[in-house]
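Asks: run_20.txt (compact mmCIF, C-alpha atoms) pasted underneath:
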# COMPACT_ATOMS: atom_id res chain seq x y z
CA MET A 59 39.92 21.96 -1.50
CA ASN A 60 37.67 24.79 -0.38
CA THR A 61 34.16 24.23 0.95
CA GLU A 62 32.52 25.78 -2.12
CA SER A 63 34.13 23.28 -4.51
CA VAL A 64 33.26 20.40 -2.16
CA VAL A 65 29.60 21.52 -2.06
CA GLU A 66 29.53 21.75 -5.84
CA PHE A 67 30.97 18.25 -6.17
CA LEU A 68 28.56 16.73 -3.63
CA GLY A 69 25.64 18.32 -5.48
CA ASN A 70 26.46 16.14 -8.49
CA VAL A 71 26.41 12.86 -6.52
CA PRO A 72 23.04 11.24 -7.37
CA LEU A 73 22.68 9.76 -3.88
CA LEU A 74 22.84 13.22 -2.30
CA GLN A 75 20.61 15.19 -4.68
CA LYS A 76 17.45 14.24 -2.79
CA LEU A 77 18.81 15.85 0.39
CA PRO A 78 18.11 19.44 1.49
CA SER A 79 20.82 21.87 0.42
CA SER A 80 21.43 22.57 4.12
CA SER A 81 22.39 18.91 4.61
CA LEU A 82 24.86 19.05 1.72
CA LYS A 83 26.54 22.07 3.28
CA LYS A 84 26.85 20.22 6.60
CA ILE A 85 28.33 17.18 4.86
CA ALA A 86 30.83 19.41 3.05
CA GLN A 87 32.11 20.63 6.41
CA VAL A 88 32.91 17.15 7.76
CA VAL A 89 34.00 14.95 4.81
CA VAL A 90 37.59 13.74 4.88
CA LEU A 91 39.87 13.72 1.80
CA LYS A 92 41.70 10.44 1.14
CA ARG A 93 44.11 9.61 -1.70
CA TYR A 94 45.19 6.22 -3.08
CA GLY A 95 47.76 5.07 -5.62
CA LYS A 96 47.00 2.73 -8.53
CA GLY A 97 46.53 -0.82 -7.22
CA ASP A 98 45.93 0.27 -3.62
CA TYR A 99 43.06 -1.29 -1.73
CA VAL A 100 40.57 1.40 -0.71
CA VAL A 101 38.62 -1.01 1.48
CA ARG A 102 38.83 -4.78 1.96
CA GLU A 103 36.02 -7.27 2.10
CA ASP A 104 34.95 -7.85 5.75
CA GLN A 105 36.81 -4.70 6.82
CA THR A 106 34.92 -2.81 9.52
CA TRP A 107 32.61 -0.26 7.94
CA ASP A 108 33.99 3.23 8.50
CA GLY A 109 31.75 5.46 6.38
CA CYS A 110 30.48 6.36 2.93
CA TYR A 111 32.99 7.00 0.11
CA PHE A 112 32.42 9.39 -2.80
CA ILE A 113 34.81 9.21 -5.76
CA PHE A 114 36.13 12.70 -6.47
CA GLN A 115 38.78 11.84 -9.09
CA GLY A 116 40.00 8.64 -10.72
CA GLU A 117 38.50 5.17 -11.02
CA ALA A 118 38.13 2.16 -8.74
CA GLN A 119 37.03 -1.44 -9.19
CA VAL A 120 34.66 -3.30 -6.94
CA SER A 121 34.67 -7.09 -6.66
CA GLY A 122 32.11 -9.43 -5.19
CA PRO A 123 32.77 -12.01 -2.45
CA ALA A 124 35.75 -14.22 -3.24
CA GLU A 125 33.82 -17.48 -2.84
CA GLU A 126 31.45 -16.66 -5.72
CA ASP A 127 32.18 -18.51 -8.96
CA ASN A 128 31.42 -15.44 -11.06
CA ARG A 129 33.03 -12.48 -9.32
CA SER A 130 31.18 -9.30 -10.12
CA GLU A 131 33.66 -6.66 -11.25
CA PHE A 132 32.88 -3.18 -12.55
CA LEU A 133 34.32 0.30 -12.51
CA LEU A 134 33.37 3.14 -10.22
CA LYS A 135 33.93 6.64 -11.60
CA GLN A 136 33.53 10.24 -10.49
CA TYR A 137 30.31 10.84 -8.47
CA ASP A 138 29.91 7.11 -7.76
CA TYR A 139 29.79 6.05 -4.11
CA PHE A 140 30.14 2.95 -1.96
CA GLY A 141 29.99 1.95 1.68
CA LEU A 142 26.34 2.88 2.21
CA GLY A 143 23.48 0.44 2.61
CA ILE A 144 25.66 -2.58 3.42
CA SER A 145 24.41 -5.34 5.67
CA GLY A 146 26.12 -5.63 9.01
CA ASN A 147 29.10 -3.54 10.09
CA VAL A 148 31.64 -4.61 7.47
CA HIS A 149 32.34 -3.81 3.83
CA SER A 150 30.96 -6.49 1.52
CA ALA A 151 33.58 -6.26 -1.26
CA ASP A 152 37.15 -5.32 -2.13
CA ILE A 153 37.54 -1.86 -3.68
CA VAL A 154 40.78 -1.36 -5.61
CA ALA A 155 42.08 1.90 -7.11
CA MET A 156 42.53 1.53 -10.88
CA SER A 157 44.33 4.88 -11.18
CA GLN A 158 45.39 7.70 -8.91
CA LEU A 159 42.24 7.95 -6.80
CA THR A 160 40.80 10.70 -4.59
CA CYS A 161 37.79 10.04 -2.38
CA LEU A 162 35.75 12.19 -0.03
CA VAL A 163 34.72 10.10 2.97
CA LEU A 164 31.76 10.80 5.21
CA LEU A 165 32.80 8.99 8.37
CA ARG A 166 30.26 6.79 10.09
CA ASP A 167 29.77 9.24 12.97
CA HIS A 168 28.42 11.76 10.47
CA CYS A 169 26.34 9.44 8.26
CA HIS A 170 23.19 10.58 10.04
CA PHE A 171 23.35 13.62 7.73
CA LEU A 172 22.21 11.26 4.96
CA GLN A 173 18.86 10.74 6.71
CA THR A 174 16.33 13.58 6.82
CA ASN A 175 12.58 13.80 7.33
CA SER A 176 12.15 16.35 4.54
CA ILE A 177 13.59 16.92 1.08
CA TRP A 178 13.55 20.68 1.78
CA GLN A 179 15.23 21.14 5.16
CA SER A 180 16.93 19.08 7.83
CA ASP A 181 16.25 20.91 11.07
CA THR A 182 12.45 21.09 11.36
CA ALA A 183 9.91 18.28 11.54
CA VAL A 184 7.69 18.08 8.46
CA ASP A 185 4.51 18.59 10.49
CA LYS A 186 5.90 21.92 11.74
CA CYS A 187 6.36 23.30 8.20
CA PRO A 188 3.82 25.51 6.37
CA LEU A 189 1.03 23.57 4.65
CA VAL A 190 2.23 24.28 1.12
CA GLU A 191 5.70 22.96 2.00
CA ARG A 192 4.09 19.78 3.35
CA ILE A 193 2.04 19.41 0.15
CA LEU A 194 5.29 19.56 -1.84
CA GLN A 195 7.04 17.03 0.40
CA LEU A 196 7.84 13.81 -1.49
CA ASP A 197 9.05 10.40 -0.36
CA PRO A 198 12.12 9.24 -2.33
CA LEU A 199 11.51 5.58 -3.22
CA GLU A 200 14.49 5.08 -5.52
CA LEU A 201 17.12 7.30 -7.09
CA ASN A 202 14.69 8.64 -9.73
CA ILE A 203 11.30 7.70 -8.26
CA PHE A 204 9.32 9.75 -5.74
CA ARG A 205 5.89 9.41 -4.16
CA GLY A 206 3.51 12.29 -3.49
CA VAL A 207 0.11 12.34 -1.81
CA THR A 208 -2.87 14.68 -1.64
CA LEU A 209 -3.13 15.90 1.95
CA PRO A 210 -6.61 16.17 3.52
CA ASP A 211 -6.33 19.96 3.82
CA ALA A 212 -4.74 20.54 0.38
CA PRO A 213 -6.73 22.39 -2.32
CA LYS A 214 -8.74 19.93 -4.41
CA PHE A 215 -11.79 20.20 -6.57
CA GLY A 216 -12.95 16.59 -6.65
CA LYS A 217 -9.66 15.69 -8.31
CA VAL A 218 -5.95 16.33 -7.88
CA PHE A 219 -5.41 20.09 -8.20
CA GLY A 220 -3.36 20.89 -11.30
CA GLY A 221 -0.96 23.09 -9.36
CA GLN A 222 -0.19 20.12 -7.11
CA PHE A 223 0.88 18.09 -10.14
CA VAL A 224 3.10 20.94 -11.38
CA GLY A 225 4.62 21.68 -7.97
CA GLN A 226 5.25 18.07 -6.95
CA ALA A 227 6.63 17.06 -10.36
CA LEU A 228 8.97 20.05 -10.32
CA ALA A 229 10.03 19.09 -6.79
CA ALA A 230 10.85 15.58 -7.99
CA ALA A 231 12.87 16.93 -10.92
CA SER A 232 14.69 19.40 -8.65
CA LYS A 233 15.78 16.55 -6.38
CA THR A 234 17.69 14.85 -9.20
CA VAL A 235 19.93 17.78 -10.18
CA ASP A 236 22.84 19.61 -8.61
CA PHE A 237 21.20 22.05 -6.18
CA LEU A 238 23.27 24.88 -7.70
CA LYS A 239 21.19 24.42 -10.86
CA ILE A 240 17.75 26.03 -10.46
CA VAL A 241 14.75 25.61 -12.74
CA HIS A 242 14.43 28.40 -15.31
CA SER A 243 11.61 26.99 -17.46
CA LEU A 244 9.03 24.23 -17.48
CA HIS A 245 6.39 22.91 -19.84
CA SER A 246 3.68 20.50 -18.73
CA TYR A 247 0.65 18.62 -20.02
CA PHE A 248 -2.36 17.39 -18.07
CA LEU A 249 -3.41 14.05 -19.57
CA LEU A 250 -5.89 12.46 -17.15
CA VAL A 251 -7.81 13.49 -14.05
CA GLY A 252 -5.87 12.67 -10.88
CA ASP A 253 -7.35 10.60 -8.05
CA ILE A 254 -7.04 12.36 -4.69
CA ASP A 255 -7.38 9.11 -2.73
CA ILE A 256 -4.25 7.31 -3.98
CA PRO A 257 -0.55 8.30 -4.08
CA ILE A 258 1.09 9.75 -7.18
CA ILE A 259 4.33 8.16 -8.39
CA TYR A 260 6.76 10.58 -10.04
CA GLN A 261 9.27 8.93 -12.38
CA VAL A 262 12.15 11.27 -13.27
CA HIS A 263 14.09 10.79 -16.51
CA ARG A 264 17.57 12.36 -16.56
CA ILE A 265 17.55 13.66 -20.14
CA ARG A 266 20.79 15.67 -19.99
CA ASP A 267 23.40 16.86 -17.50
CA GLY A 268 25.76 19.59 -18.68
CA ASN A 269 28.18 21.92 -16.94
CA ASN A 270 25.64 24.74 -16.72
CA PHE A 271 22.31 23.22 -17.77
CA ALA A 272 20.34 20.07 -16.95
CA THR A 273 17.09 18.75 -18.43
CA ARG A 274 14.55 16.47 -16.76
CA ARG A 275 11.28 14.84 -17.80
CA VAL A 276 8.83 13.72 -15.13
CA ASP A 277 5.95 11.28 -15.60
CA ALA A 278 3.24 11.32 -12.92
CA VAL A 279 1.66 7.87 -12.68
CA GLN A 280 -1.54 6.61 -11.06
CA LYS A 281 -3.07 3.15 -11.54
CA GLY A 282 -0.38 2.35 -14.09
CA ASN A 283 -1.32 5.33 -16.31
CA ILE A 284 0.68 8.50 -17.00
CA VAL A 285 -1.68 11.29 -15.90
CA PHE A 286 0.69 14.27 -16.17
CA ILE A 287 3.99 15.08 -17.89
CA LEU A 288 6.49 17.82 -17.05
CA LEU A 289 9.66 18.85 -18.89
CA ALA A 290 11.96 21.21 -17.00
CA SER A 291 15.32 22.88 -17.67
CA PHE A 292 17.74 23.90 -14.91
CA GLN A 293 20.63 26.35 -15.03
CA LYS A 294 23.55 27.22 -12.81
CA GLU A 295 23.66 30.90 -11.88
CA GLN A 296 25.73 32.94 -14.37
CA GLN A 297 26.37 36.63 -14.99
CA GLY A 298 24.90 38.05 -18.21
CA PHE A 299 22.79 40.75 -19.84
CA ASP A 300 19.92 42.30 -17.89
CA HIS A 301 16.95 44.36 -19.08
CA GLN A 302 13.22 44.55 -18.44
CA GLU A 303 10.53 46.08 -20.68
CA SER A 304 7.51 44.88 -18.68
CA THR A 305 6.44 47.26 -15.94
CA ILE A 306 4.45 46.51 -12.83
CA PRO A 307 0.95 48.05 -13.05
CA SER A 308 -0.22 50.63 -10.55
CA VAL A 309 -2.15 48.64 -7.95
CA PRO A 310 -2.89 49.06 -4.22
CA ASP A 311 -0.36 47.81 -1.70
CA PRO A 312 -1.26 44.27 -0.53
CA ASP A 313 -1.29 45.38 3.11
CA THR A 314 -4.28 47.64 2.32
CA LEU A 315 -6.35 44.89 0.68
CA LEU A 316 -8.75 42.29 2.07
CA SER A 317 -7.76 38.66 2.47
CA LEU A 318 -9.97 35.95 0.95
CA GLU A 319 -11.34 35.18 4.41
CA GLU A 320 -12.20 38.85 5.02
CA LEU A 321 -13.66 39.18 1.54
CA ARG A 322 -15.84 36.13 2.12
CA GLU A 323 -17.22 37.56 5.38
CA ARG A 324 -17.99 40.88 3.69
CA ARG A 325 -19.76 39.18 0.78
CA ILE A 326 -22.03 37.23 3.11
CA THR A 327 -23.48 40.50 4.44
CA ASP A 328 -23.23 42.68 1.29
CA PRO A 329 -26.79 43.82 0.36
CA HIS A 330 -25.67 44.61 -3.20
CA LEU A 331 -25.24 40.90 -3.88
CA PRO A 332 -28.18 38.54 -4.60
CA ARG A 333 -29.56 36.80 -1.53
CA SER A 334 -29.19 33.40 -3.21
CA TYR A 335 -25.51 34.06 -3.84
CA ARG A 336 -24.90 35.23 -0.26
CA ASN A 337 -26.63 32.13 1.12
CA LYS A 338 -24.54 29.92 -1.15
CA VAL A 339 -21.31 31.56 0.07
CA ALA A 340 -22.39 31.27 3.71
CA THR A 341 -23.27 27.57 3.51
CA ALA A 342 -20.38 26.44 1.29
CA ASN A 343 -17.68 24.33 2.91
CA PHE A 344 -14.86 26.88 3.14
CA VAL A 345 -11.37 25.31 3.27
CA PRO A 346 -8.61 27.96 3.50
CA TRP A 347 -5.91 27.67 0.85
CA PRO A 348 -2.22 27.43 1.81
CA ILE A 349 -1.69 30.50 -0.39
CA GLU A 350 -2.82 33.95 0.77
CA ILE A 351 -4.51 35.92 -2.03
CA ARG A 352 -5.56 39.58 -2.10
CA PHE A 353 -7.43 40.87 -5.15
CA CYS A 354 -6.38 44.32 -6.34
CA GLU A 355 -9.86 45.31 -7.55
CA PRO A 356 -12.39 43.82 -5.11
CA SER A 357 -15.91 44.24 -6.55
CA ASN A 358 -19.48 43.06 -6.24
CA SER A 359 -19.04 40.66 -9.16
CA THR A 360 -19.97 37.03 -8.71
CA ASN A 361 -18.97 33.95 -10.68
CA GLN A 362 -22.01 34.69 -12.87
CA THR A 363 -21.15 38.33 -13.63
CA LYS A 364 -19.57 39.17 -16.99
CA SER A 365 -16.26 41.04 -16.68
CA PRO A 366 -13.12 41.79 -18.75
CA PRO A 367 -10.72 38.87 -19.29
CA ARG A 368 -8.05 40.12 -16.91
CA LEU A 369 -7.23 39.96 -13.21
CA ASN A 370 -4.54 41.29 -10.86
CA TYR A 371 -3.90 39.92 -7.39
CA TRP A 372 -1.14 39.65 -4.80
CA PHE A 373 -0.27 36.27 -3.37
CA ARG A 374 2.21 34.60 -1.02
CA ALA A 375 2.59 31.34 0.84
CA LYS A 376 1.16 31.23 4.33
CA GLY A 377 3.98 30.78 6.85
CA LYS A 378 7.75 31.02 6.65
CA LEU A 379 9.22 28.67 4.05
CA SER A 380 12.59 26.94 4.23
CA ASP A 381 15.43 28.86 2.57
CA ASP A 382 15.73 26.81 -0.60
CA GLN A 383 15.24 28.63 -3.91
CA ALA A 384 14.08 25.37 -5.52
CA LEU A 385 11.27 25.12 -2.95
CA HIS A 386 10.18 28.73 -3.54
CA ARG A 387 9.91 28.11 -7.29
CA CYS A 388 7.92 24.93 -6.67
CA VAL A 389 5.53 26.90 -4.44
CA VAL A 390 5.05 29.55 -7.13
CA ALA A 391 4.40 26.78 -9.68
CA PHE A 392 1.82 25.29 -7.30
CA ALA A 393 0.10 28.65 -6.72
CA SER A 394 0.12 29.67 -10.39
CA ASP A 395 -2.76 27.31 -11.29
CA LEU A 396 -5.21 28.38 -8.57
CA ILE A 397 -7.18 31.01 -10.55
CA PHE A 398 -5.20 31.26 -13.80
CA SER A 399 -7.37 29.65 -16.50
CA GLY A 400 -10.67 30.83 -14.98
CA VAL A 401 -9.94 34.38 -16.15
CA GLY A 402 -10.72 33.15 -19.68
CA LEU A 403 -14.33 32.61 -18.58
CA ASN A 404 -14.88 36.21 -17.42
CA PRO A 405 -16.41 37.60 -20.67
CA HIS A 406 -18.78 34.62 -20.93
CA ARG A 407 -20.26 34.53 -17.45
CA ARG A 408 -24.02 34.94 -17.11
CA LYS A 409 -26.78 34.07 -14.72
CA GLY A 410 -27.37 30.34 -14.61
CA LEU A 411 -24.15 29.46 -16.40
CA ARG A 412 -22.57 26.21 -15.25
CA SER A 413 -19.05 25.96 -16.63
CA ALA A 414 -16.26 23.43 -16.60
CA ALA A 415 -12.56 24.30 -16.77
CA LEU A 416 -9.70 21.80 -17.10
CA SER A 417 -6.04 22.73 -17.57
CA LEU A 418 -4.52 21.29 -20.74
CA ASP A 419 -0.97 22.61 -20.65
CA HIS A 420 1.03 25.00 -18.50
CA ALA A 421 4.35 26.74 -19.16
CA MET A 422 6.51 28.94 -16.90
CA TRP A 423 9.75 30.90 -17.25
CA PHE A 424 11.57 31.96 -14.08
CA HIS A 425 13.59 35.10 -14.75
CA ARG A 426 14.95 36.12 -11.36
CA PRO A 427 15.31 34.78 -7.80
CA LEU A 428 12.13 35.12 -5.73
CA ARG A 429 10.59 34.38 -2.38
CA ALA A 430 7.20 32.70 -2.42
CA ASP A 431 6.52 33.71 1.20
CA ASP A 432 6.75 37.41 0.28
CA TRP A 433 4.12 39.23 -1.77
CA LEU A 434 4.14 38.66 -5.53
CA LEU A 435 1.79 40.40 -7.95
CA PHE A 436 0.13 38.10 -10.51
CA VAL A 437 -1.03 39.98 -13.63
CA ILE A 438 -3.30 37.78 -15.78
CA VAL A 439 -4.78 38.43 -19.23
CA SER A 440 -6.77 36.11 -21.48
CA PRO A 441 -6.20 37.33 -25.06
CA THR A 442 -8.47 34.75 -26.70
CA ALA A 443 -10.77 31.76 -26.36
CA HIS A 444 -11.99 29.59 -29.24
CA GLU A 445 -13.40 26.11 -29.82
CA THR A 446 -13.67 25.25 -26.10
CA ARG A 447 -10.05 26.30 -25.45
CA GLY A 448 -9.15 29.39 -23.46
CA PHE A 449 -5.66 30.89 -23.48
CA VAL A 450 -4.20 32.98 -20.64
CA THR A 451 -0.87 34.71 -20.13
CA GLY A 452 0.60 35.94 -16.87
CA GLU A 453 3.41 37.96 -15.37
CA MET A 454 4.57 37.90 -11.77
CA PHE A 455 6.34 40.86 -10.17
CA ASN A 456 7.94 41.26 -6.75
CA ARG A 457 7.27 44.35 -4.66
CA LYS A 458 10.31 46.09 -6.18
CA GLY A 459 8.69 45.83 -9.62
CA GLU A 460 11.06 43.18 -10.94
CA LEU A 461 9.56 40.67 -13.38
CA VAL A 462 10.29 37.30 -11.78
CA VAL A 463 8.06 34.86 -13.73
CA SER A 464 6.22 34.72 -17.07
CA LEU A 465 3.49 32.13 -17.67
CA THR A 466 1.05 30.79 -20.25
CA GLN A 467 -1.72 28.24 -20.00
CA GLU A 468 -4.33 26.70 -22.27
CA ALA A 469 -7.42 25.18 -20.69
CA LEU A 470 -10.59 23.44 -21.73
CA LEU A 471 -13.45 25.91 -21.12
CA ARG A 472 -17.02 24.92 -21.85
CA GLU A 473 -20.50 24.83 -20.46
CA ALA A 474 -20.99 21.95 -18.07
CA ARG A 475 -23.13 19.20 -19.51
CA PRO A 476 -26.45 18.82 -17.67
CA PRO A 477 -26.71 15.60 -15.64
CA LYS A 478 -28.46 12.74 -17.36
CA PRO A 479 -31.91 12.05 -15.93
CA SER A 480 -32.07 8.92 -13.86
CA VAL A 481 -33.92 6.02 -15.42
CA THR A 482 -36.72 4.59 -13.29
CA ALA A 483 -38.74 1.48 -13.92
CA LYS A 484 -42.35 2.03 -14.94
CA LEU A 485 -44.89 -0.31 -13.46
Represent the structure from my file as structure tokens, please.
Replies:
Amino acid sequence: MNTESVVEFLGNVPLLQKLPSSSLKKIAQVVVLKRYGKGDYVVREDQTWDGCYFIFQGEAQVSGPAEEDNRSEFLLKQYDYFGLGISGNVHSADIVAMSQLTCLVLLRDHCHFLQTNSIWQSDTAVDKCPLVERILQLDPLELNIFRGVTLPDAPKFGKVFGGQFVGQALAAASKTVDFLKIVHSLHSYFLLVGDIDIPIIYQVHRIRDGNNFATRRVDAVQKGNIVFILLASFQKEQQGFDHQESTIPSVPDPDTLLSLEELRERRITDPHLPRSYRNKVATANFVPWPIEIRFCEPSNSTNQTKSPPRLNYWFRAKGKLSDDQALHRCVVAFASDLIFSGVGLNPHRRKGLRSAALSLDHAMWFHRPLRADDWLLFVIVSPTAHETRGFVTGEMFNRKGELVVSLTQEALLREARPPKPSVTAKL
């Protein structure tokens, strides 16, 4: 067996799908191939534990302790595993080959590869990773259940940021499929406002696993309620037709544009802007985002200035991300919700307007490989808004002009309701 086929096999073992792809490649280098004839004992009860077994071909039967009245017997098939998580240093059951059986064995000296601090990479401590990678870090609780949290320095607007739901849910789904299958589309619905002070439980449902495609549904749960739903489809890389009609617009190079931090400093001292606006910007609690953004058409507009329903800006993750294409697509999903729906408000802005915007649904199609820590151009247009719902479409291009992502979103857009006057007792 060559290493490539071993890696592909290991990627289909449910136990290993939560691991970084780099860990799978290390495991593929050290597993040992063992073969057994029908009726052979693979391991014996109370035999010294020697490692974790993965069934490559054939079937085996596992039996419970002999002294039990009702011996538990069931079949193990391809991608099943045994020998991990036992108590003590011995095997807890007899395993018998029910056919010609081939196993890949990760010997005990190498079982540390099964333990990592991060779902994205195995060599760097989580606290040393870029902020956005830490935001998308999940704790695997069970095979299909993950826990995410809202970090203190993560973007939030009094509630869980919608992009965090999309990015974390996609991360959970990605960690239940063969890592050779990469997300190519997702559709999501925001059902309830998320609480930033409690963890989010992501329950993954394995809808389908095919040779080239896999489908997952993810429910995000808080306080026993489903607050967000994501449906994602994954595909193994294949050769096929290639064309592109969309063209990247003519915009300035990102290296010539101001960062959000620089733009903020300039706005504080810009005499063309109202004094009240400049004071508001200066006194606002400014928390830098984990995504660097550079607007292509910086202007003197404020959030109360009417403008066309379109926007172009470059963005990238701050810091060097781990080399995992699944992570990069999760980061882009996270970043895609930062300013997206707000473009639908541009034609309706006016002095004194207090608006509210809430994402309703969000869809993305990933066309080509990308790097989220390199500049991507986000081209946003809002073709319509009606009955409190605004609709936006987007395209993302890399610096070579390749269309890498297409997006749509519908959001609730309306004037914010004035606060109810407080009731005071009259004496």
Asks: So how many Å separate atom CA of A:Lys364 and atom CA of A:Tyr247, to one decimal?
Replies: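 Those two atoms sit 29.0 Å apart.
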Asks: Just the residues within 8 Å of A:Ser394, please, counting all atoms listed in the file, with nothing from its chain fewer than 4 positions along; format it as a list in words.
Replies: Gly221, Val390 and Phe398 of chain A
Asks: Using C-alpha atoms, can you write the selected residues to a file as a PDB file, keeping the file's coordinate frame?
Replies:
ATOM      1  CA  GLY A 221      -0.960  23.090  -9.360  1.00  0.00           C
ATOM      2  CA  VAL A 390       5.050  29.550  -7.130  1.00  0.00           C
ATOM      3  CA  PHE A 398      -5.200  31.260 -13.800  1.00  0.00           C
TER       4      PHE A 398
END
Asks: Pick out the closest residue to A:Val224 from this set: A:Arg93, A:Arg192, A:Lys458, A:His420. Count all atoms listed in the file.
Replies: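 Nearest candidate to A:Val224 out of A:Arg93, A:Arg192, A:Lys458, A:His420: A:His420.
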Asks: Using all atoms listed in the file, determine which residues lie at most 9 Å from A:Thr174, disregarding the query and same-chain residues fewer than 5 positions distant; provide the list as a count of residues only.
Replies: 6
Asks: Neighbours of stretch 443-456 of chain A within 8 Å (all atoms listed in the file; same-chain residues fewer than 3 positions away dropped), as a list of chain:residue names?
Replies: A:Ile306, A:Phe398, A:Ser399, A:Val401, A:Gly402, A:Leu403, A:Leu428, A:Trp433, A:Leu434, A:Leu435, A:Phe436, A:Val437, A:Ile438, A:Val439, A:Ser440, A:Gly459, A:Glu460, A:Leu461, A:Val462, A:Val463, A:Ser464, A:Leu465, A:Thr466, A:Gln467, A:Glu468, A:Ala469, A:Leu470, A:Leu471, A:Arg472
Asks: Could you check how far atom CA of A:Leu201 sits from atom CA of A:Tyr260, in Å to one decimal?
Replies: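 Computed distance, atom CA of A:Leu201 to atom CA of A:Tyr260, equals 11.3 Å.
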Asks: Between atom CA of A:Glu103 and atom CA of A:Ser121, measure the distance and give it in Å to one decimal.
Replies: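 Straight-line distance from atom CA of A:Glu103 to atom CA of A:Ser121 works out to 8.9 Å.
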Asks: Between A:Ser79, A:Asn370, A:Thr160, A:Gln226, which one has atoms that come closest to A:Ile113, using all atoms listed in the file?
Replies: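 Among A:Ser79, A:Asn370, A:Thr160, A:Gln226, it is A:Thr160 that comes nearest to A:Ile113.
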Asks: So, with all atoms listed in the file as the atoms that count, which of A:Ala229, A:Val218, A:Gln280, A:Asp167 lies closest to A:Asp197?
Replies: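 When distances to A:Asp197 are compared using all atoms listed in the file, the smallest one comes from A:Ala229.
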Asks: For A:Asp277, which residue among A:Trp347, A:Arg333, A:Asn202, A:Ile326 is the nearest when counting only C-alpha atoms?
Replies: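 Answer, going by the shortest atom-to-atom distance: A:Asn202.
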Asks: Of the candidates A:Ala118, A:Val89, A:Leu133, A:Ile177, which shows the shortest atom-to-atom distance to A:Lys76, using only C-alpha atoms?
Replies: A:Ile177
Asks: Which one is closest to A:Leu165: A:Tyr139, A:Phe292, A:Trp107, A:Phe215? Count all atoms listed in the file.
Replies: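 Of A:Tyr139, A:Phe292, A:Trp107, A:Phe215, the one nearest A:Leu165 is A:Trp107, counting all atoms listed in the file.
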Asks: Can you pull out every residue within 12 Å of A:Gln296, counting all atoms listed in the file, but drop anything in the same chain fewer than 2 positions away, and send it as a PDB file with C-alpha atoms, in the frame of the given file?
Replies:
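Result file result37.pdb:
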ATOM      1  CA  LEU A 238      23.270  24.880  -7.700  1.00  0.00           C
ATOM      2  CA  LYS A 239      21.190  24.420 -10.860  1.00  0.00           C
ATOM      3  CA  ILE A 240      17.750  26.030 -10.460  1.00  0.00           C
ATOM      4  CA  ASN A 269      28.180  21.920 -16.940  1.00  0.00           C
ATOM      5  CA  ASN A 270      25.640  24.740 -16.720  1.00  0.00           C
ATOM      6  CA  PHE A 271      22.310  23.220 -17.770  1.00  0.00           C
ATOM      7  CA  GLN A 293      20.630  26.350 -15.030  1.00  0.00           C
ATOM      8  CA  LYS A 294      23.550  27.220 -12.810  1.00  0.00           C
ATOM      9  CA  GLY A 298      24.900  38.050 -18.210  1.00  0.00           C
ATOM     10  CA  PHE A 299      22.790  40.750 -19.840  1.00  0.00           C
ATOM     11  CA  ASP A 300      19.920  42.300 -17.890  1.00  0.00           C
ATOM     12  CA  ARG A 426      14.950  36.120 -11.360  1.00  0.00           C
TER      13      ARG A 426
END
